[in-house]
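The data block below is my_file-v7.txt; it holds compact mmCIF, C-alpha atoms.
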```
# COMPACT_ATOMS: atom_id res chain seq x y z
CA MET N 1179 0.00 0.00 0.00
CA ASN N 1180 1.14 3.54 -0.79
CA PHE N 1181 0.85 5.20 2.61
CA ILE N 1182 1.18 8.72 1.17
CA THR N 1183 -1.81 8.05 -1.07
CA PHE N 1184 -3.64 6.53 1.88
CA ALA N 1185 -2.97 9.59 4.03
CA LYS N 1186 -4.26 11.93 1.32
CA TRP N 1187 -7.35 9.78 0.85
CA LEU N 1188 -7.97 9.78 4.61
CA GLU N 1189 -8.03 13.59 4.61
CA THR N 1190 -10.83 13.65 2.05
CA ALA N 1191 -12.68 10.58 3.30
CA PRO N 1192 -15.95 10.84 5.25
CA THR N 1193 -15.49 11.77 8.90
CA TRP N 1194 -16.74 8.41 10.16
CA ILE N 1195 -13.79 6.71 8.45
CA ALA N 1196 -11.33 8.95 10.30
CA THR N 1197 -12.82 7.79 13.61
CA LEU N 1198 -12.15 4.15 12.86
CA PRO N 1199 -9.09 2.34 14.20
CA LYS N 1200 -6.12 2.79 11.90
CA TRP N 1201 -6.03 -0.85 10.78
CA LEU N 1202 -9.72 -0.76 9.92
CA SER N 1203 -9.48 2.52 8.01
CA LYS N 1204 -6.61 0.99 6.00
CA PHE N 1205 -8.82 -1.99 5.21
CA VAL N 1206 -11.61 0.34 4.06
CA TYR N 1207 -9.10 2.08 1.80
CA GLN N 1208 -7.99 -1.27 0.39
CA LEU N 1209 -11.61 -2.10 -0.41
CA TYR N 1210 -11.99 1.33 -1.98
CA GLN N 1211 -8.96 0.99 -4.25
CA THR N 1212 -9.85 -2.61 -5.15
CA PHE N 1213 -13.46 -2.04 -6.16
CA VAL N 1214 -14.26 1.70 -6.46
CA ILE N 1215 -11.30 3.45 -8.09
CA GLU N 1216 -11.57 3.28 -11.90
CA ASP N 1217 -14.75 1.21 -11.43
CA ARG N 1218 -12.63 -1.88 -10.84
CA TRP N 1219 -15.68 -3.77 -9.65
CA LYS N 1220 -16.60 -3.99 -13.32
CA LEU N 1221 -13.47 -6.09 -13.92
CA PHE N 1222 -14.68 -8.60 -11.33
CA LEU N 1223 -18.18 -8.55 -12.80
CA SER N 1224 -17.01 -9.16 -16.38
CA GLY N 1225 -14.59 -11.82 -15.11
CA LEU N 1226 -17.41 -13.53 -13.23
CA GLU N 1227 -19.49 -13.52 -16.40
CA MET N 1228 -16.64 -15.19 -18.28
CA THR N 1229 -16.31 -17.77 -15.50
CA PHE N 1230 -20.00 -18.66 -15.89
CA ILE N 1231 -19.68 -18.89 -19.70
CA VAL N 1232 -16.71 -21.23 -19.51
CA THR N 1233 -18.27 -23.35 -16.76
CA ILE N 1234 -21.61 -23.81 -18.53
CA GLY N 1235 -20.02 -24.46 -21.92
CA ALA N 1236 -17.55 -26.95 -20.48
CA LEU N 1237 -20.32 -28.66 -18.49
CA ILE N 1238 -22.41 -29.23 -21.62
CA ILE N 1239 -19.46 -30.64 -23.55
CA GLY N 1240 -18.35 -32.75 -20.58
CA VAL N 1241 -21.79 -34.28 -20.01
CA VAL N 1242 -22.29 -35.10 -23.70
CA ILE N 1243 -18.85 -36.69 -24.08
CA GLY N 1244 -19.04 -38.39 -20.70
CA MET N 1245 -22.42 -39.98 -21.36
CA LEU N 1246 -21.35 -41.23 -24.80
CA VAL N 1247 -18.17 -42.74 -23.40
CA ALA N 1248 -20.06 -44.24 -20.46
CA VAL N 1249 -22.64 -45.88 -22.74
CA ILE N 1250 -19.90 -47.35 -24.96
CA ARG N 1251 -17.90 -48.69 -22.04
CA SER N 1252 -20.91 -50.07 -20.18
CA SER N 1253 -22.22 -51.67 -23.39
CA HIS N 1254 -18.85 -53.39 -23.77
CA ASP N 1255 -18.91 -54.55 -20.14
CA LEU N 1256 -22.53 -55.76 -20.39
CA SER N 1257 -21.91 -57.74 -23.56
CA ARG N 1258 -20.91 -60.73 -21.40
CA GLY N 1259 -17.53 -61.22 -23.00
CA LYS N 1260 -18.82 -61.25 -26.58
CA PRO N 1261 -18.56 -57.64 -27.83
CA ASN N 1262 -18.37 -57.13 -31.58
CA PHE N 1263 -15.23 -55.84 -33.25
CA LEU N 1264 -16.44 -52.21 -33.54
CA LEU N 1265 -17.44 -52.11 -29.89
CA ARG N 1266 -14.02 -53.42 -28.86
CA ILE N 1267 -12.30 -50.68 -30.89
CA LEU N 1268 -14.54 -47.95 -29.48
CA ASN N 1269 -14.02 -49.23 -25.94
CA ALA N 1270 -10.25 -49.18 -26.41
CA ILE N 1271 -10.40 -45.59 -27.68
CA CYS N 1272 -12.57 -44.56 -24.73
CA LYS N 1273 -10.22 -46.21 -22.24
CA ALA N 1274 -7.24 -44.42 -23.79
CA TYR N 1275 -9.13 -41.12 -23.67
CA ILE N 1276 -9.96 -41.54 -19.98
CA THR N 1277 -6.44 -42.63 -19.10
CA VAL N 1278 -4.76 -39.70 -20.83
CA LEU N 1279 -7.18 -37.00 -19.66
CA ARG N 1280 -7.27 -38.18 -16.05
CA GLY N 1281 -3.55 -38.89 -15.99
CA THR N 1282 -2.31 -35.44 -17.04
CA PRO N 1283 -2.78 -32.11 -15.23
CA LEU N 1284 -5.49 -29.80 -16.50
CA MET N 1285 -3.03 -26.90 -16.67
CA VAL N 1286 -0.81 -28.90 -19.00
CA GLN N 1287 -3.83 -29.72 -21.18
CA LEU N 1288 -4.70 -26.02 -21.34
CA LEU N 1289 -1.13 -25.12 -22.32
CA ILE N 1290 -1.07 -27.75 -25.06
CA MET N 1291 -4.47 -26.75 -26.41
CA GLY N 1292 -3.79 -23.03 -26.14
CA PHE N 1293 -0.24 -22.90 -27.50
CA VAL N 1294 0.12 -26.04 -29.61
CA VAL N 1295 -3.23 -27.23 -30.98
CA MET N 1296 -5.59 -24.25 -31.32
CA VAL N 1297 -3.28 -21.22 -30.85
CA PRO N 1298 -6.10 -18.65 -30.37
CA LYS N 1299 -5.85 -15.43 -32.42
CA THR N 1300 -8.94 -13.64 -31.10
CA ASN N 1301 -10.73 -13.39 -27.77
CA PHE N 1302 -13.47 -15.68 -29.09
CA ASP N 1303 -10.83 -18.29 -29.95
CA THR N 1304 -9.45 -18.06 -26.41
CA VAL N 1305 -12.89 -18.53 -24.85
CA LEU N 1306 -13.59 -21.45 -27.18
CA CYS N 1307 -10.22 -22.98 -26.33
CA GLY N 1308 -10.95 -22.79 -22.61
CA ILE N 1309 -14.43 -24.25 -22.97
CA ILE N 1310 -13.31 -27.13 -25.19
CA THR N 1311 -10.32 -28.02 -23.02
CA LEU N 1312 -12.25 -28.00 -19.76
CA GLY N 1313 -15.15 -29.83 -21.41
CA ILE N 1314 -12.93 -32.61 -22.75
CA ASN N 1315 -11.22 -32.92 -19.37
CA SER N 1316 -14.52 -33.01 -17.49
CA GLY N 1317 -15.89 -35.61 -19.91
CA ALA N 1318 -13.31 -38.14 -18.75
CA TYR N 1319 -14.51 -37.83 -15.15
CA VAL N 1320 -18.20 -37.72 -16.04
CA ALA N 1321 -17.70 -40.89 -18.11
CA GLU N 1322 -16.52 -42.91 -15.12
CA ILE N 1323 -19.22 -41.44 -12.89
CA ALA N 1324 -21.95 -42.25 -15.41
CA ARG N 1325 -20.55 -45.73 -16.11
CA SER N 1326 -20.66 -46.58 -12.42
CA GLY N 1327 -24.27 -45.41 -12.33
CA ILE N 1328 -25.25 -47.51 -15.35
CA MET N 1329 -23.50 -50.58 -14.00
CA SER N 1330 -25.34 -50.16 -10.67
CA ILE N 1331 -28.70 -50.79 -12.37
CA PRO N 1332 -29.72 -54.48 -12.15
CA ALA N 1333 -29.30 -56.41 -15.39
CA GLY N 1334 -32.96 -57.39 -15.18
CA GLN N 1335 -33.92 -53.82 -16.06
CA MET N 1336 -32.27 -54.15 -19.47
CA GLU N 1337 -33.83 -57.56 -20.03
CA ALA N 1338 -37.26 -56.23 -19.05
CA GLY N 1339 -36.96 -53.38 -21.53
CA ARG N 1340 -35.91 -55.68 -24.34
CA SER N 1341 -38.76 -58.07 -23.53
CA LEU N 1342 -41.19 -55.18 -23.99
CA GLY N 1343 -40.01 -54.75 -27.56
CA LEU N 1344 -37.64 -51.83 -26.99
CA ASN N 1345 -34.30 -51.86 -28.78
CA TYR N 1346 -31.02 -51.28 -26.96
CA VAL N 1347 -30.95 -47.50 -27.45
CA GLN N 1348 -34.57 -47.09 -26.36
CA THR N 1349 -34.04 -49.24 -23.28
CA MET N 1350 -30.91 -47.35 -22.34
CA SER N 1351 -32.44 -43.89 -22.81
CA SER N 1352 -35.88 -44.62 -21.33
CA ILE N 1353 -35.13 -47.06 -18.52
CA ILE N 1354 -31.45 -47.31 -17.58
CA LEU N 1355 -30.16 -43.74 -17.85
CA PRO N 1356 -33.01 -42.07 -15.88
CA GLN N 1357 -32.40 -44.44 -12.97
CA ALA N 1358 -28.64 -44.07 -13.24
CA PHE N 1359 -28.92 -40.27 -13.21
CA LYS N 1360 -30.58 -40.31 -9.79
CA ASN N 1361 -27.79 -42.52 -8.44
CA ILE N 1362 -24.96 -40.38 -9.78
CA LEU N 1363 -26.44 -36.93 -9.13
CA PRO N 1364 -24.31 -36.27 -5.99
CA ALA N 1365 -21.14 -37.25 -7.85
CA LEU N 1366 -22.13 -35.12 -10.85
CA GLY N 1367 -22.75 -32.21 -8.50
CA ASN N 1368 -19.25 -32.60 -7.09
CA GLU N 1369 -17.86 -32.62 -10.64
CA LEU N 1370 -19.74 -29.40 -11.44
CA ILE N 1371 -18.31 -27.72 -8.35
CA ALA N 1372 -14.81 -28.94 -9.23
CA LEU N 1373 -15.27 -27.68 -12.79
CA LEU N 1374 -16.31 -24.24 -11.54
CA LYS N 1375 -13.16 -23.96 -9.42
CA GLU N 1376 -10.94 -25.33 -12.19
CA THR N 1377 -11.97 -22.46 -14.47
CA SER N 1378 -9.44 -20.38 -12.51
CA LEU N 1379 -6.74 -22.16 -14.54
CA VAL N 1380 -7.84 -20.56 -17.81
CA THR N 1381 -5.65 -17.61 -16.89
CA THR N 1382 -2.78 -19.71 -18.29
CA ILE N 1383 -4.13 -19.07 -21.80
CA ALA N 1384 -4.78 -15.37 -21.09
CA LEU N 1385 -8.53 -15.70 -20.65
CA THR N 1386 -9.91 -12.91 -18.45
CA ASP N 1387 -12.05 -14.75 -15.92
CA VAL N 1388 -12.67 -13.60 -12.34
CA THR N 1389 -9.25 -14.91 -11.25
CA LYS N 1390 -7.52 -12.90 -13.96
CA ALA N 1391 -9.54 -9.85 -12.88
CA ALA N 1392 -8.14 -10.19 -9.35
CA GLN N 1393 -4.63 -10.46 -10.79
CA VAL N 1394 -5.14 -7.33 -12.89
CA VAL N 1395 -6.40 -5.34 -9.90
CA THR N 1396 -3.46 -6.57 -7.82
CA SER N 1397 -1.02 -5.38 -10.48
CA ARG N 1398 -2.60 -1.91 -10.35
CA THR N 1399 -2.92 -1.54 -6.57
CA TYR N 1400 0.28 -3.40 -5.57
CA ASP N 1401 -1.80 -4.97 -2.83
CA ALA N 1402 -2.76 -8.63 -3.06
CA PHE N 1403 -4.68 -9.03 0.20
CA VAL N 1404 -8.14 -7.67 -0.65
CA PRO N 1405 -8.28 -8.78 -4.34
CA TYR N 1406 -7.34 -12.39 -3.59
CA ILE N 1407 -9.39 -12.64 -0.39
CA SER N 1408 -12.34 -11.24 -2.35
CA LEU N 1409 -11.68 -13.83 -5.06
CA ALA N 1410 -11.79 -16.61 -2.49
CA VAL N 1411 -15.05 -15.25 -1.07
CA ILE N 1412 -16.58 -15.10 -4.57
CA TYR N 1413 -15.75 -18.74 -5.26
CA LEU N 1414 -16.95 -19.76 -1.79
CA VAL N 1415 -20.32 -18.06 -2.31
CA LEU N 1416 -20.72 -19.66 -5.74
CA VAL N 1417 -19.91 -23.13 -4.41
CA MET N 1418 -22.30 -22.71 -1.46
CA ALA N 1419 -25.07 -21.61 -3.83
CA LEU N 1420 -24.46 -24.60 -6.14
CA THR N 1421 -24.38 -26.97 -3.17
CA LYS N 1422 -27.74 -25.60 -1.98
CA LEU N 1423 -29.32 -25.95 -5.44
CA LEU N 1424 -28.05 -29.52 -5.80
CA ALA N 1425 -29.40 -30.41 -2.35
CA VAL N 1426 -32.84 -29.08 -3.34
CA LEU N 1427 -32.76 -31.08 -6.57
CA GLU N 1428 -31.81 -34.27 -4.71
CA ARG N 1429 -34.67 -33.79 -2.24
CA ARG N 1430 -37.16 -33.34 -5.06
CA LEU N 1431 -35.94 -36.47 -6.80
CA ARG N 1432 -36.21 -38.46 -3.57
CA ALA N 1433 -39.70 -37.10 -3.01
CA GLY N 1434 -40.64 -38.20 -6.52
CA ASP N 1435 -39.43 -41.73 -5.75
CA GLN N 1436 -41.70 -41.94 -2.70
CA HIS N 1437 -44.91 -41.22 -4.69
```
What is this file in structure tokens?
Amino acid sequence: MNFITFAKWLETAPTWIATLPKWLSKFVYQLYQTFVIEDRWKLFLSGLEMTFIVTIGALIIGVVIGMLVAVIRSSHDLSRGKPNFLLRILNAICKAYITVLRGTPLMVQLLIMGFVVMVPKTNFDTVLCGIITLGINSGAYVAEIARSGIMSIPAGQMEAGRSLGLNYVQTMSSIILPQAFKNILPALGNELIALLKETSLVTTIALTDVTKAAQVVTSRTYDAFVPYISLAVIYLVLVMALTKLLAVLERRLRAGDQH
């Protein structure tokens, strides 16, 4: 903190601030220079918007990829040792995908995608790069979560669907997956929360999310305390809100099972 600047600000500040203890008045000044000067709160707001965009986009990609991989892998496992050649090839590809994506750090994946594969030239390219990378990474975890949910459904459910004249895809989409979704909802919720927090890594490819906004403010104020503590509070509030929403959804699903 620049104490000369602080002293000048204190002279022009409201009288009630001057009556505060010195440490508290300094904290008020830190809040002021972090959020008020140059409308820096707008940086946090635009960064938060970018965080939501990346999280939602990556979640959609991750769920789609994860469910496809889970269906392929569970179909291979449920084939009772007699999968066809195409299914064996697809299962091998899916296993390799899961192994590589879960076995390498997300930051490394972002660096490879951002500086080797895609090499973004515009801001849109950078956003797209972040969404795709996080979505592909999340898909590997969603795949294993969804596969465990599918495999937890008794085999008789599949046989019952087929006996009713439904084909494999219809049985899977109408009978197996809805039941599996209820079983894996807590794990999917944890993956969503983890994905939200992992968006902070997109700063490695120069994407201006809420974490990058805190870094920018820190570089301008030369004070890291308030920007980074505020960043932690923002993520904490978001996670608590998501946790509450997921708890409500779980209660409604359980209530539906009782009727």
CA of Pro1283 in chain N and CA of Ile1383 in chain N are how many Å apart?
-> 14.7 Å
For Ser1408 in chain N, work out the shell of residues within 12 Å, counting all atoms listed in the file and skipping chain neighbours fewer than 4 positions away, then give it as a PyMOL selection string.
-> chain N and resi 1208-1209+1212-1213+1219+1222+1388-1389+1391-1393+1395-1396+1402-1404+1412-1415
Radius query 10 Å about (-28.0, -48.1, -24.7), atoms used: only C-alpha atoms, as JSON, numbers by chain = {"N": [1246, 1248, 1249, 1250, 1252, 1253, 1328, 1336, 1345, 1346, 1347, 1348, 1349, 1350, 1351, 1352, 1353, 1354, 1355]}
What is the distance, in Å and to one decimal place, between CA of Thr1377 in chain N and CA of Leu1312 in chain N?
-> 7.7 Å
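Using all atoms listed in the file, the shortest contact distance between His1254 in chain N and any of N:Leu1366, N:Met1329, N:Ala1318, N:Val1214 is found at N:Met1329.
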Only N, CA, C and O atoms, as a CSV table (one decimal), in the first residue's frame: that is what I want for range 1270-1285 of chain N.
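Contents of selection03.csv, freshly written:
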```
chain,number,residue,atom,x,y,z
N,1270,ALA,N,-11.7,-49.4,-26.6
N,1270,ALA,CA,-10.2,-49.2,-26.4
N,1270,ALA,C,-9.9,-47.7,-26.6
N,1270,ALA,O,-9.1,-47.1,-25.8
N,1271,ILE,N,-10.6,-47.0,-27.5
N,1271,ILE,CA,-10.4,-45.6,-27.7
N,1271,ILE,C,-10.9,-44.8,-26.4
N,1271,ILE,O,-10.2,-43.9,-26.0
N,1272,CYS,N,-12.0,-45.2,-25.9
N,1272,CYS,CA,-12.6,-44.6,-24.7
N,1272,CYS,C,-11.7,-44.8,-23.5
N,1272,CYS,O,-11.5,-43.8,-22.7
N,1273,LYS,N,-11.1,-46.0,-23.4
N,1273,LYS,CA,-10.2,-46.2,-22.2
N,1273,LYS,C,-9.0,-45.4,-22.4
N,1273,LYS,O,-8.5,-44.8,-21.4
N,1274,ALA,N,-8.4,-45.3,-23.6
N,1274,ALA,CA,-7.2,-44.4,-23.8
N,1274,ALA,C,-7.5,-43.0,-23.5
N,1274,ALA,O,-6.7,-42.2,-22.9
N,1275,TYR,N,-8.7,-42.5,-23.9
N,1275,TYR,CA,-9.1,-41.1,-23.7
N,1275,TYR,C,-9.2,-40.8,-22.2
N,1275,TYR,O,-8.7,-39.8,-21.7
N,1276,ILE,N,-9.8,-41.7,-21.4
N,1276,ILE,CA,-10.0,-41.5,-20.0
N,1276,ILE,C,-8.6,-41.6,-19.3
N,1276,ILE,O,-8.3,-40.8,-18.4
N,1277,THR,N,-7.8,-42.5,-19.7
N,1277,THR,CA,-6.4,-42.6,-19.1
N,1277,THR,C,-5.6,-41.4,-19.3
N,1277,THR,O,-5.0,-40.9,-18.4
N,1278,VAL,N,-5.6,-40.9,-20.5
N,1278,VAL,CA,-4.8,-39.7,-20.8
N,1278,VAL,C,-5.3,-38.4,-20.1
N,1278,VAL,O,-4.5,-37.7,-19.5
N,1279,LEU,N,-6.6,-38.2,-20.2
N,1279,LEU,CA,-7.2,-37.0,-19.7
N,1279,LEU,C,-7.1,-37.0,-18.1
N,1279,LEU,O,-7.0,-35.9,-17.5
N,1280,ARG,N,-7.3,-38.1,-17.5
N,1280,ARG,CA,-7.3,-38.2,-16.1
N,1280,ARG,C,-5.8,-38.3,-15.5
N,1280,ARG,O,-5.6,-38.0,-14.4
N,1281,GLY,N,-4.9,-38.7,-16.4
N,1281,GLY,CA,-3.5,-38.9,-16.0
N,1281,GLY,C,-2.6,-37.7,-16.2
N,1281,GLY,O,-1.5,-37.7,-15.8
N,1282,THR,N,-3.1,-36.6,-16.8
N,1282,THR,CA,-2.3,-35.4,-17.0
N,1282,THR,C,-3.0,-34.2,-16.4
N,1282,THR,O,-4.2,-34.1,-16.4
N,1283,PRO,N,-2.2,-33.3,-15.9
N,1283,PRO,CA,-2.8,-32.1,-15.2
N,1283,PRO,C,-3.6,-31.2,-16.2
N,1283,PRO,O,-3.2,-31.1,-17.4
N,1284,LEU,N,-4.7,-30.7,-15.7
N,1284,LEU,CA,-5.5,-29.8,-16.5
N,1284,LEU,C,-4.7,-28.6,-17.0
N,1284,LEU,O,-4.9,-28.2,-18.2
N,1285,MET,N,-3.8,-28.0,-16.2
N,1285,MET,CA,-3.0,-26.9,-16.7
N,1285,MET,C,-2.2,-27.3,-17.9
N,1285,MET,O,-2.1,-26.5,-18.8
```
